[in-house]
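Text of the file work_0.cif, holding mmCIF, C-alpha atoms:
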```cif
data_final
#
loop_
_atom_site.group_PDB
_atom_site.id
_atom_site.type_symbol
_atom_site.label_atom_id
_atom_site.label_comp_id
_atom_site.auth_asym_id
_atom_site.auth_seq_id
_atom_site.Cartn_x
_atom_site.Cartn_y
_atom_site.Cartn_z
ATOM 1 C CA MET A 428 2.008 7.584 -5.156
ATOM 2 C CA CYS A 429 2.631 4.524 -3.002
ATOM 3 C CA PHE A 430 5.207 2.349 -4.754
ATOM 4 C CA HIS A 431 7.355 1.346 -1.762
ATOM 5 C CA THR A 432 6.161 -0.386 1.412
ATOM 6 C CA SER A 433 7.410 -2.154 4.522
ATOM 7 C CA ASN A 434 5.926 -5.052 6.506
ATOM 8 C CA THR A 435 8.293 -6.259 9.215
ATOM 9 C CA LYS A 436 5.838 -7.725 11.727
ATOM 10 C CA LYS A 437 5.781 -11.388 12.698
ATOM 11 C CA ALA A 438 2.901 -13.496 11.432
ATOM 12 C CA ILE A 439 1.367 -13.888 14.898
ATOM 13 C CA LYS A 440 1.329 -10.106 15.340
ATOM 14 C CA LEU A 441 -0.634 -9.639 12.113
ATOM 15 C CA GLU A 442 -3.001 -12.486 12.948
ATOM 16 C CA ASN A 443 -3.795 -11.026 16.358
ATOM 17 C CA ARG A 444 -4.116 -7.460 15.120
ATOM 18 C CA PHE A 445 -6.433 -8.270 12.202
ATOM 19 C CA VAL A 446 -8.237 -11.297 13.705
ATOM 20 C CA ALA A 447 -7.404 -13.513 10.731
ATOM 21 C CA LYS A 448 -5.113 -16.466 10.085
ATOM 22 C CA PHE A 449 -2.554 -17.118 7.384
ATOM 23 C CA GLU A 450 -3.875 -19.803 5.052
ATOM 24 C CA ASP A 451 -0.292 -21.032 4.705
ATOM 25 C CA ILE A 452 2.002 -19.424 7.240
ATOM 26 C CA GLU A 453 5.059 -20.853 5.447
ATOM 27 C CA VAL A 454 4.532 -18.456 2.536
ATOM 28 C CA TYR A 455 4.744 -15.362 4.755
ATOM 29 C CA ASP A 456 7.973 -13.474 4.185
ATOM 30 C CA PRO A 457 8.278 -10.157 6.067
ATOM 31 C CA TYR A 458 10.192 -7.405 4.319
ATOM 32 C CA TYR A 459 11.900 -4.146 5.223
ATOM 33 C CA HIS A 460 11.416 -2.616 1.786
ATOM 34 C CA LEU A 461 9.341 -3.826 -1.140
ATOM 35 C CA ASN A 462 9.664 -1.926 -4.411
ATOM 36 C CA GLY A 463 6.319 -2.237 -6.139
ATOM 37 C CA PHE A 464 7.984 -2.367 -9.535
ATOM 38 C CA ASP A 465 9.456 -5.735 -8.571
ATOM 39 C CA PHE A 466 5.823 -6.971 -8.551
ATOM 40 C CA GLY A 467 6.378 -9.019 -5.423
ATOM 41 C CA TYR A 468 3.875 -10.290 -2.876
ATOM 42 C CA VAL A 469 2.093 -8.263 -0.243
ATOM 43 C CA TYR A 470 -0.318 -9.821 2.255
ATOM 44 C CA GLY A 471 -3.955 -9.032 2.694
ATOM 45 C CA ILE A 472 -7.466 -9.960 3.755
ATOM 46 C CA LEU A 473 -9.982 -10.433 0.966
ATOM 47 C CA GLN A 474 -13.645 -9.539 0.847
ATOM 48 C CA GLU A 475 -14.455 -13.129 -0.148
ATOM 49 C CA ASP A 476 -12.695 -14.735 2.847
ATOM 50 C CA GLN A 477 -12.323 -12.359 5.758
ATOM 51 C CA ASP A 478 -10.863 -14.889 8.181
ATOM 52 C CA ALA A 479 -7.738 -15.566 6.108
ATOM 53 C CA ILE A 480 -4.556 -13.651 5.285
ATOM 54 C CA GLU A 481 -3.475 -14.342 1.706
ATOM 55 C CA PRO A 482 -0.449 -13.467 -0.438
ATOM 56 C CA LEU A 483 -1.350 -11.030 -3.226
ATOM 57 C CA LYS A 484 0.894 -10.028 -6.088
ATOM 58 C CA TRP A 485 1.152 -6.246 -6.126
ATOM 59 C CA GLY A 486 0.071 -4.732 -9.439
ATOM 60 C CA MET A 487 -3.476 -5.717 -10.369
ATOM 61 C CA LEU A 488 -4.065 -7.551 -13.642
ATOM 62 C CA PRO A 489 -7.419 -7.911 -15.405
ATOM 63 C CA GLU A 490 -9.008 -11.241 -14.484
ATOM 64 C CA ASP A 491 -8.717 -12.624 -18.009
ATOM 65 C CA TYR A 492 -5.227 -11.317 -18.803
ATOM 66 C CA SER A 493 -2.508 -13.946 -19.041
ATOM 67 C CA ASP A 494 0.510 -11.986 -20.357
ATOM 68 C CA ALA A 495 1.453 -10.037 -17.227
ATOM 69 C CA GLN A 496 4.762 -8.802 -18.601
ATOM 70 C CA THR A 497 3.212 -7.178 -21.669
ATOM 71 C CA PHE A 498 0.397 -5.645 -19.626
ATOM 72 C CA ARG A 499 2.766 -4.113 -17.086
ATOM 73 C CA LYS A 500 4.829 -2.488 -19.815
ATOM 74 C CA LYS A 501 1.703 -0.564 -20.827
ATOM 75 C CA PHE A 502 -0.071 0.041 -17.518
ATOM 76 C CA ASN A 503 0.910 0.850 -13.936
ATOM 77 C CA THR A 504 -1.689 -0.664 -11.615
ATOM 78 C CA LEU A 505 0.272 -0.587 -8.360
ATOM 79 C CA ASN A 506 -2.038 2.255 -7.306
ATOM 80 C CA ALA A 507 -5.586 3.237 -8.193
ATOM 81 C CA ARG A 508 -6.823 6.800 -7.744
ATOM 82 C CA SER A 509 -9.746 6.471 -5.352
ATOM 83 C CA GLU A 510 -11.554 9.556 -6.707
ATOM 84 C CA LYS A 511 -11.820 8.062 -10.199
ATOM 85 C CA ALA A 512 -11.883 4.330 -9.519
ATOM 86 C CA LEU A 513 -15.656 3.934 -9.916
ATOM 87 C CA GLU A 514 -15.412 5.547 -13.361
ATOM 88 C CA SER A 515 -12.566 3.298 -14.491
ATOM 89 C CA HIS A 516 -13.068 0.289 -16.753
ATOM 90 C CA MET A 517 -10.139 -1.366 -14.955
ATOM 91 C CA TYR A 518 -11.064 -0.603 -11.346
ATOM 92 C CA ARG A 519 -14.854 -0.204 -11.175
ATOM 93 C CA GLU A 520 -15.848 -3.854 -10.758
ATOM 94 C CA PRO A 521 -13.080 -4.728 -8.257
ATOM 95 C CA LEU A 522 -13.950 -1.653 -6.193
ATOM 96 C CA LYS A 523 -17.600 -2.731 -6.106
ATOM 97 C CA GLU A 524 -17.068 -6.467 -5.665
ATOM 98 C CA ARG A 525 -13.490 -7.268 -4.594
ATOM 99 C CA ARG A 526 -12.101 -4.987 -1.903
ATOM 100 C CA CYS A 527 -9.263 -6.012 0.387
ATOM 101 C CA LEU A 528 -7.038 -4.915 3.239
ATOM 102 C CA ILE A 529 -3.345 -4.776 2.325
ATOM 103 C CA LEU A 530 -1.295 -5.154 5.503
ATOM 104 C CA ALA A 531 1.831 -3.108 6.206
ATOM 105 C CA ASP A 532 3.662 -1.257 8.952
ATOM 106 C CA GLY A 533 5.256 1.507 6.892
ATOM 107 C CA PHE A 534 5.766 3.046 3.490
ATOM 108 C CA PHE A 535 8.217 5.313 1.702
ATOM 109 C CA GLU A 536 7.660 8.603 -0.119
ATOM 110 C CA SER A 537 10.172 11.106 -1.458
ATOM 111 C CA LYS A 538 10.346 14.853 -0.909
ATOM 112 C CA GLN A 539 11.741 17.051 -3.663
ATOM 113 C CA VAL A 540 14.009 19.908 -2.568
ATOM 114 C CA ASN A 541 16.036 22.025 -5.007
ATOM 115 C CA GLY A 542 15.793 19.363 -7.679
ATOM 116 C CA ASN A 543 16.914 16.541 -5.394
ATOM 117 C CA SER A 544 14.869 13.672 -3.995
ATOM 118 C CA TYR A 545 14.959 12.639 -0.322
ATOM 119 C CA PRO A 546 13.137 9.430 0.594
ATOM 120 C CA HIS A 547 11.208 9.333 3.862
ATOM 121 C CA PHE A 548 9.987 6.361 5.843
ATOM 122 C CA ILE A 549 6.488 6.865 7.270
ATOM 123 C CA ARG A 550 4.860 4.780 9.980
ATOM 124 C CA TYR A 551 2.529 5.028 12.960
ATOM 125 C CA LYS A 552 4.098 6.569 16.053
ATOM 126 C CA SER A 553 2.885 3.455 17.854
ATOM 127 C CA TYR A 554 4.816 1.236 15.370
ATOM 128 C CA GLU A 555 1.606 -0.789 14.947
ATOM 129 C CA PRO A 556 0.652 -2.391 11.631
ATOM 130 C CA PHE A 557 -2.136 -0.893 9.548
ATOM 131 C CA ALA A 558 -4.187 -1.641 6.439
ATOM 132 C CA PHE A 559 -4.154 0.082 3.065
ATOM 133 C CA ALA A 560 -7.504 0.114 1.281
ATOM 134 C CA GLY A 561 -7.041 -2.224 -1.667
ATOM 135 C CA ILE A 562 -8.841 -3.931 -4.529
ATOM 136 C CA TYR A 563 -8.017 -7.241 -6.176
ATOM 137 C CA ASN A 564 -8.669 -9.752 -8.931
ATOM 138 C CA LYS A 565 -8.449 -13.541 -8.774
ATOM 139 C CA HIS A 566 -6.905 -15.472 -11.656
ATOM 140 C CA ASP A 567 -7.307 -18.977 -13.060
ATOM 141 C CA ASP A 568 -3.998 -20.115 -11.535
ATOM 142 C CA GLY A 569 -5.229 -19.184 -8.062
ATOM 143 C CA VAL A 570 -3.035 -16.070 -7.812
ATOM 144 C CA PHE A 571 -4.522 -12.808 -6.526
ATOM 145 C CA THR A 572 -3.296 -9.448 -7.866
ATOM 146 C CA CYS A 573 -4.031 -6.151 -6.144
ATOM 147 C CA SER A 574 -3.799 -2.366 -6.204
ATOM 148 C CA ILE A 575 -3.521 0.130 -3.346
ATOM 149 C CA LEU A 576 -5.986 3.023 -3.438
ATOM 150 C CA THR A 577 -4.576 6.533 -3.184
ATOM 151 C CA ALA A 578 -6.108 9.897 -2.322
ATOM 152 C CA GLU A 579 -5.214 13.578 -2.322
ATOM 153 C CA ALA A 580 -2.586 14.117 0.360
ATOM 154 C CA ASN A 581 -3.556 15.657 3.668
ATOM 155 C CA PRO A 582 -1.331 18.513 4.932
ATOM 156 C CA TYR A 583 1.050 16.149 6.741
ATOM 157 C CA MET A 584 1.586 13.898 3.727
ATOM 158 C CA ALA A 585 1.668 16.812 1.274
ATOM 159 C CA GLU A 586 4.662 18.247 3.129
ATOM 160 C CA ILE A 587 6.556 15.009 2.385
ATOM 161 C CA HIS A 588 5.190 14.001 -1.031
ATOM 162 C CA ASN A 589 5.356 17.597 -2.171
ATOM 163 C CA THR A 590 5.203 17.136 -5.951
ATOM 164 C CA LYS A 591 2.227 14.925 -6.805
ATOM 165 C CA LYS A 592 0.740 15.414 -3.317
ATOM 166 C CA ARG A 593 -0.868 11.989 -3.106
ATOM 167 C CA MET A 594 -1.006 9.482 -0.270
ATOM 168 C CA PRO A 595 -2.037 5.856 0.140
ATOM 169 C CA LEU A 596 -5.500 5.400 1.609
ATOM 170 C CA ILE A 597 -4.805 3.987 5.078
ATOM 171 C CA LEU A 598 -7.964 2.796 6.763
ATOM 172 C CA ASP A 599 -8.846 3.813 10.280
ATOM 173 C CA LYS A 600 -9.325 0.682 12.362
ATOM 174 C CA GLU A 601 -13.077 1.242 12.664
ATOM 175 C CA TYR A 602 -13.404 1.145 8.847
ATOM 176 C CA GLU A 603 -11.354 -1.974 8.130
ATOM 177 C CA ARG A 604 -14.198 -4.487 8.304
ATOM 178 C CA LYS A 605 -16.647 -2.001 6.811
ATOM 179 C CA TRP A 606 -14.357 -1.835 3.765
ATOM 180 C CA LEU A 607 -14.800 -5.582 3.351
ATOM 181 C CA ALA A 608 -18.594 -5.527 3.752
ATOM 182 C CA ASN A 609 -20.576 -7.084 0.924
ATOM 183 C CA SER A 610 -23.000 -5.151 -1.279
ATOM 184 C CA LEU A 611 -21.842 -1.611 -0.602
ATOM 185 C CA THR A 612 -23.478 0.895 -2.928
ATOM 186 C CA ASP A 613 -21.474 3.335 -5.044
ATOM 187 C CA LEU A 614 -22.549 6.116 -2.700
ATOM 188 C CA GLU A 615 -21.422 4.161 0.359
ATOM 189 C CA ILE A 616 -18.055 3.392 -1.237
ATOM 190 C CA ASN A 617 -17.498 7.053 -2.117
ATOM 191 C CA GLU A 618 -18.512 8.184 1.357
ATOM 192 C CA MET A 619 -16.163 5.680 2.931
ATOM 193 C CA ILE A 620 -13.263 6.800 0.718
ATOM 194 C CA LYS A 621 -13.848 10.387 1.862
ATOM 195 C CA ASN A 622 -14.050 9.570 5.564
ATOM 196 C CA CYS A 623 -12.087 6.390 6.229
ATOM 197 C CA PHE A 624 -8.523 7.730 6.544
ATOM 198 C CA THR A 625 -6.815 6.767 9.772
ATOM 199 C CA LYS A 626 -6.876 9.021 12.812
ATOM 200 C CA GLU A 627 -3.595 7.571 14.130
ATOM 201 C CA GLU A 628 -0.521 9.790 14.375
ATOM 202 C CA PHE A 629 2.408 9.255 12.007
ATOM 203 C CA GLU A 630 6.109 9.823 12.251
ATOM 204 C CA ALA A 631 8.427 10.287 9.285
ATOM 205 C CA TYR A 632 12.171 10.564 8.812
ATOM 206 C CA THR A 633 14.684 10.534 5.969
ATOM 207 C CA VAL A 634 16.287 7.254 4.935
ATOM 208 C CA SER A 635 18.882 6.025 2.457
ATOM 209 C CA LYS A 636 18.479 6.839 -1.221
ATOM 210 C CA ASP A 637 19.002 3.131 -1.840
ATOM 211 C CA VAL A 638 15.206 2.934 -1.485
ATOM 212 C CA THR A 639 14.793 4.451 -4.939
ATOM 213 C CA ASN A 640 17.806 2.814 -6.603
ATOM 214 C CA SER A 641 16.549 -0.366 -8.273
ATOM 215 C CA ARG A 642 20.125 -1.557 -8.896
ATOM 216 C CA ILE A 643 20.855 -1.851 -5.169
ATOM 217 C CA LYS A 644 19.429 -4.491 -2.846
ATOM 218 C CA SER A 645 17.331 -2.493 -0.402
ATOM 219 C CA ASN A 646 15.313 -5.166 1.389
ATOM 220 C CA ARG A 647 17.557 -5.072 4.435
ATOM 221 C CA LEU A 648 17.251 -4.012 8.072
ATOM 222 C CA ASP A 649 19.385 -0.883 7.836
ATOM 223 C CA ILE A 650 17.153 0.563 5.106
ATOM 224 C CA LEU A 651 14.885 1.680 7.969
ATOM 225 C CA ASN A 652 17.690 3.594 9.700
ATOM 226 C CA LYS A 653 17.464 7.369 9.827
ATOM 227 C CA VAL A 654 19.833 9.177 7.460
ATOM 228 C CA ASN A 655 20.587 12.863 7.997
ATOM 229 C CA TYR A 656 21.145 14.954 4.878
ATOM 230 C CA GLN A 657 23.270 18.016 5.578
ATOM 231 C CA GLU A 658 21.747 19.896 2.670
ATOM 232 C CA LEU A 659 18.307 19.659 4.302
ATOM 233 C CA ASN A 660 19.672 21.006 7.588
ATOM 234 C CA THR A 661 21.024 24.134 5.898
ATOM 235 C CA LEU A 662 17.907 25.130 3.970
ATOM 236 C CA PHE A 663 16.543 27.492 6.610
#
```
Could you rewrite the structure in this file as structure tokens?
Amino acid sequence: MCFHTSNTKKAIKLENRFVAKFEDIEVYDPYYHLNGFDFGYVYGILQEDQDAIEPLKWGMLPEDYSDAQTFRKKFNTLNARSEKALESHMYREPLKERRCLILADGFFESKQVNGNSYPHFIRYKSYEPFAFAGIYNKHDDGVFTCSILTAEANPYMAEIHNTKKRMPLILDKEYERKWLANSLTDLEINEMIKNCFTKEEFEAYTVSKDVTNSRIKSNRLDILNKVNYQELNTLF
């Protein structure tokens, strides 16, 4: 599942790439590593205003739910399984009516080997930013909350995320604006989910285990540095 992301690009880079402007550029705060369980802000483009880049709090809440802390103790909504989202009481309406692009330039997944976990950083070989397929709700205080859709891992991702074998749904560039189109039918949404995954090439490498240690500050430049694990080099 996708619980750790990176978005290091400057605001102007994102604006040019996605042909949208930050509503308030002062709120943009790039990050090397965001742990989803900190429920911080990601940045995205909403179906309702496709010319703007907005901050969205990661971890979708129901529209009418005010006690976020209690809700998040019971439910994990950082990710939504794309195959079942249209059947879900929580996700069906947002998937039909409130889709979004969640902007990033990398994410982290862990590989399990001999009972040990080795985090990997995954990004485009081109280093370009990309968009996760997302859904969102808008709340009375003006805050948006969102979830990233996930799918069954393809062979490349399954080799890394080799336990649950899931991957975030990263949209191919040609599908980004189609994802935001109004009035998509259930059939069209399902067809897009099946066919929209990016055709870009990825690269992945092992990084510090600080990524998965919530007691250590990991939003720092060196968290993206490659770390070699001797035990992985001696497996074969």
Take the PyMOL selection byres ((chain A and resi 507-519) around 6), run it mentally on this structure, and tell me the resulting residues as a PDB file with C-alpha atoms, in the frame of the given file.
```
ATOM      1  CA  ASN A 506      -2.038   2.255  -7.306  1.00  0.00           C
ATOM      2  CA  GLU A 520     -15.848  -3.854 -10.758  1.00  0.00           C
ATOM      3  CA  PRO A 521     -13.080  -4.728  -8.257  1.00  0.00           C
ATOM      4  CA  LEU A 522     -13.950  -1.653  -6.193  1.00  0.00           C
ATOM      5  CA  LEU A 576      -5.986   3.023  -3.438  1.00  0.00           C
ATOM      6  CA  THR A 577      -4.576   6.533  -3.184  1.00  0.00           C
ATOM      7  CA  ALA A 578      -6.108   9.897  -2.322  1.00  0.00           C
TER       8      ALA A 578
END
```
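The two atoms in question, CA of Asn622 in chain A and CA of Leu528 in chain A, are spaced 16.3 Å apart.
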Tell me, in Å to one decimal, how far CA of Phe502 in chain A is from CA of Tyr583 in chain A. 29.1 Å
Expected selection from the PyMOL selection byres ((chain A and resi 481-494) around 6), given as a short mmCIF file (atom, residue, chain, number, x, y, z; two decimals) with C-alpha atoms, in the frame of the given file:
```
data_model
loop_
_atom_site.label_atom_id
_atom_site.label_comp_id
_atom_site.auth_asym_id
_atom_site.auth_seq_id
_atom_site.Cartn_x
_atom_site.Cartn_y
_atom_site.Cartn_z
CA PHE A 466 5.82 -6.97 -8.55
CA GLY A 467 6.38 -9.02 -5.42
CA TYR A 468 3.88 -10.29 -2.88
CA VAL A 469 2.09 -8.26 -0.24
CA TYR A 470 -0.32 -9.82 2.26
CA GLY A 471 -3.96 -9.03 2.69
CA ILE A 480 -4.56 -13.65 5.28
CA ALA A 495 1.45 -10.04 -17.23
CA GLN A 496 4.76 -8.80 -18.60
CA THR A 497 3.21 -7.18 -21.67
CA THR A 504 -1.69 -0.66 -11.62
CA LEU A 505 0.27 -0.59 -8.36
CA ASN A 564 -8.67 -9.75 -8.93
CA HIS A 566 -6.90 -15.47 -11.66
CA PHE A 571 -4.52 -12.81 -6.53
CA THR A 572 -3.30 -9.45 -7.87
CA CYS A 573 -4.03 -6.15 -6.14
CA SER A 574 -3.80 -2.37 -6.20
#
```
Residues matched by the PyMOL selection byres ((chain A and resi 603-607) around 8) as a count of residues only: 16
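Between CA of Phe629 in chain A and CA of Lys552 in chain A there is a distance of 5.1 Å.
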Any idea what's packed within 12 Å of Glu628 in chain A, counting only C-alpha atoms, ignoring anything in its chain fewer than 5 positions away? Could you give it as a PDB file with C-alpha atoms, in the frame of the given file?
```pdb
ATOM      1  CA  ILE A 549       6.488   6.865   7.270  1.00  0.00           C
ATOM      2  CA  ARG A 550       4.860   4.780   9.980  1.00  0.00           C
ATOM      3  CA  TYR A 551       2.529   5.028  12.960  1.00  0.00           C
ATOM      4  CA  LYS A 552       4.098   6.569  16.053  1.00  0.00           C
ATOM      5  CA  SER A 553       2.885   3.455  17.854  1.00  0.00           C
ATOM      6  CA  TYR A 554       4.816   1.236  15.370  1.00  0.00           C
ATOM      7  CA  GLU A 555       1.606  -0.789  14.947  1.00  0.00           C
ATOM      8  CA  PHE A 557      -2.136  -0.893   9.548  1.00  0.00           C
ATOM      9  CA  TYR A 583       1.050  16.149   6.741  1.00  0.00           C
ATOM     10  CA  MET A 584       1.586  13.898   3.727  1.00  0.00           C
ATOM     11  CA  ILE A 597      -4.805   3.987   5.078  1.00  0.00           C
ATOM     12  CA  ASP A 599      -8.846   3.813  10.280  1.00  0.00           C
TER      13      ASP A 599
END
```
Which residues, written as a ChimeraX atom specification, have at least one atom at most 12 Å from Thr590 in chain A, with all atoms listed in the file counted and residues fewer than 2 positions away on the same chain left out? /A:428,536-544,579-580,584-588,592-594
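Take the candidates A:Tyr545, A:Leu596, A:Glu475, A:Glu658 and check each one against Val634 in chain A using only C-alpha atoms; the shortest distance goes to A:Tyr545.
Distances here use all atoms listed in the file; by that measure, the residue among A:Asp567, A:Tyr458, A:Leu659, A:His431 closest to Asp637 in chain A is A:His431.
Of the listed residues A:Lys591, A:His547, A:Lys523, A:Lys501, the one whose atoms come nearest to Gly561 in chain A is A:Lys523, with distances taken using only C-alpha atoms.
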Nearest residue to Lys636 in chain A from the set A:Lys448, A:Arg525, A:Lys436, A:Lys653 (distances using all atoms listed in the file): A:Lys653
Got a sec: who's within 7 Å of Gly533 in chain A, counting only C-alpha atoms, leaving out chain neighbours fewer than 2 positions off, as a PyMOL selection string? chain A and resi 432-434+531+548-550
Could you take the residues named above and write them with C-alpha atoms, as a PDB file, in the coordinates of the input?
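See part_6.pdb below for the written result:
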```pdb
ATOM      1  CA  THR A 432       6.161  -0.386   1.412  1.00  0.00           C
ATOM      2  CA  SER A 433       7.410  -2.154   4.522  1.00  0.00           C
ATOM      3  CA  ASN A 434       5.926  -5.052   6.506  1.00  0.00           C
ATOM      4  CA  ALA A 531       1.831  -3.108   6.206  1.00  0.00           C
ATOM      5  CA  PHE A 548       9.987   6.361   5.843  1.00  0.00           C
ATOM      6  CA  ILE A 549       6.488   6.865   7.270  1.00  0.00           C
ATOM      7  CA  ARG A 550       4.860   4.780   9.980  1.00  0.00           C
TER       8      ARG A 550
END
```
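Nearest-residue note for Leu651 in chain A: choosing from A:Pro556, A:Pro546, A:Gly463, A:Pro595, the minimum distance belongs to A:Pro546, counting all atoms listed in the file.
Of the residues listed (A:Val654, A:Ile439, A:Ile575, A:Val570), A:Val654 shows the shortest atom-to-atom separation from Ala631 in chain A; distances use all atoms listed in the file.
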For range 549-560 of chain A of the structure just presented, write N, CA and C atoms to a file, as a PDB file, in the first residue's frame.
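So result-v6.pdb came out as:
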```pdb
ATOM      1  N   ILE A 549      11.018   4.773  -5.135  1.00  0.00           N
ATOM      2  CA  ILE A 549      10.602   4.493  -6.511  1.00  0.00           C
ATOM      3  C   ILE A 549      10.232   5.809  -7.182  1.00  0.00           C
ATOM      4  N   ARG A 550      10.763   6.020  -8.369  1.00  0.00           N
ATOM      5  CA  ARG A 550      10.470   7.247  -9.109  1.00  0.00           C
ATOM      6  C   ARG A 550      10.602   6.966 -10.605  1.00  0.00           C
ATOM      7  N   TYR A 551      10.179   7.937 -11.422  1.00  0.00           N
ATOM      8  CA  TYR A 551      10.412   7.834 -12.854  1.00  0.00           C
ATOM      9  C   TYR A 551      11.909   7.932 -13.145  1.00  0.00           C
ATOM     10  N   LYS A 552      12.371   7.196 -14.138  1.00  0.00           N
ATOM     11  CA  LYS A 552      13.756   7.323 -14.573  1.00  0.00           C
ATOM     12  C   LYS A 552      14.067   8.739 -15.047  1.00  0.00           C
ATOM     13  N   SER A 553      13.054   9.422 -15.525  1.00  0.00           N
ATOM     14  CA  SER A 553      13.216  10.799 -16.001  1.00  0.00           C
ATOM     15  C   SER A 553      13.257  11.815 -14.866  1.00  0.00           C
ATOM     16  N   TYR A 554      12.935  11.368 -13.633  1.00  0.00           N
ATOM     17  CA  TYR A 554      12.848  12.229 -12.444  1.00  0.00           C
ATOM     18  C   TYR A 554      11.657  13.185 -12.506  1.00  0.00           C
ATOM     19  N   GLU A 555      10.788  13.039 -13.484  1.00  0.00           N
ATOM     20  CA  GLU A 555       9.662  13.953 -13.652  1.00  0.00           C
ATOM     21  C   GLU A 555       8.573  13.685 -12.608  1.00  0.00           C
ATOM     22  N   PRO A 556       7.797  14.698 -12.272  1.00  0.00           N
ATOM     23  CA  PRO A 556       6.660  14.472 -11.373  1.00  0.00           C
ATOM     24  C   PRO A 556       5.554  13.685 -12.077  1.00  0.00           C
ATOM     25  N   PHE A 557       4.660  13.130 -11.295  1.00  0.00           N
ATOM     26  CA  PHE A 557       3.554  12.351 -11.834  1.00  0.00           C
ATOM     27  C   PHE A 557       2.322  12.568 -10.958  1.00  0.00           C
ATOM     28  N   ALA A 558       1.234  11.921 -11.319  1.00  0.00           N
ATOM     29  CA  ALA A 558      -0.019  12.089 -10.572  1.00  0.00           C
ATOM     30  C   ALA A 558      -0.575  10.727 -10.161  1.00  0.00           C
ATOM     31  N   PHE A 559      -0.819  10.567  -8.857  1.00  0.00           N
ATOM     32  CA  PHE A 559      -1.604   9.443  -8.372  1.00  0.00           C
ATOM     33  C   PHE A 559      -3.078   9.717  -8.684  1.00  0.00           C
ATOM     34  N   ALA A 560      -3.828   8.672  -8.992  1.00  0.00           N
ATOM     35  CA  ALA A 560      -5.275   8.796  -9.084  1.00  0.00           C
ATOM     36  C   ALA A 560      -5.827   8.895  -7.668  1.00  0.00           C
TER      37      ALA A 560
END
```
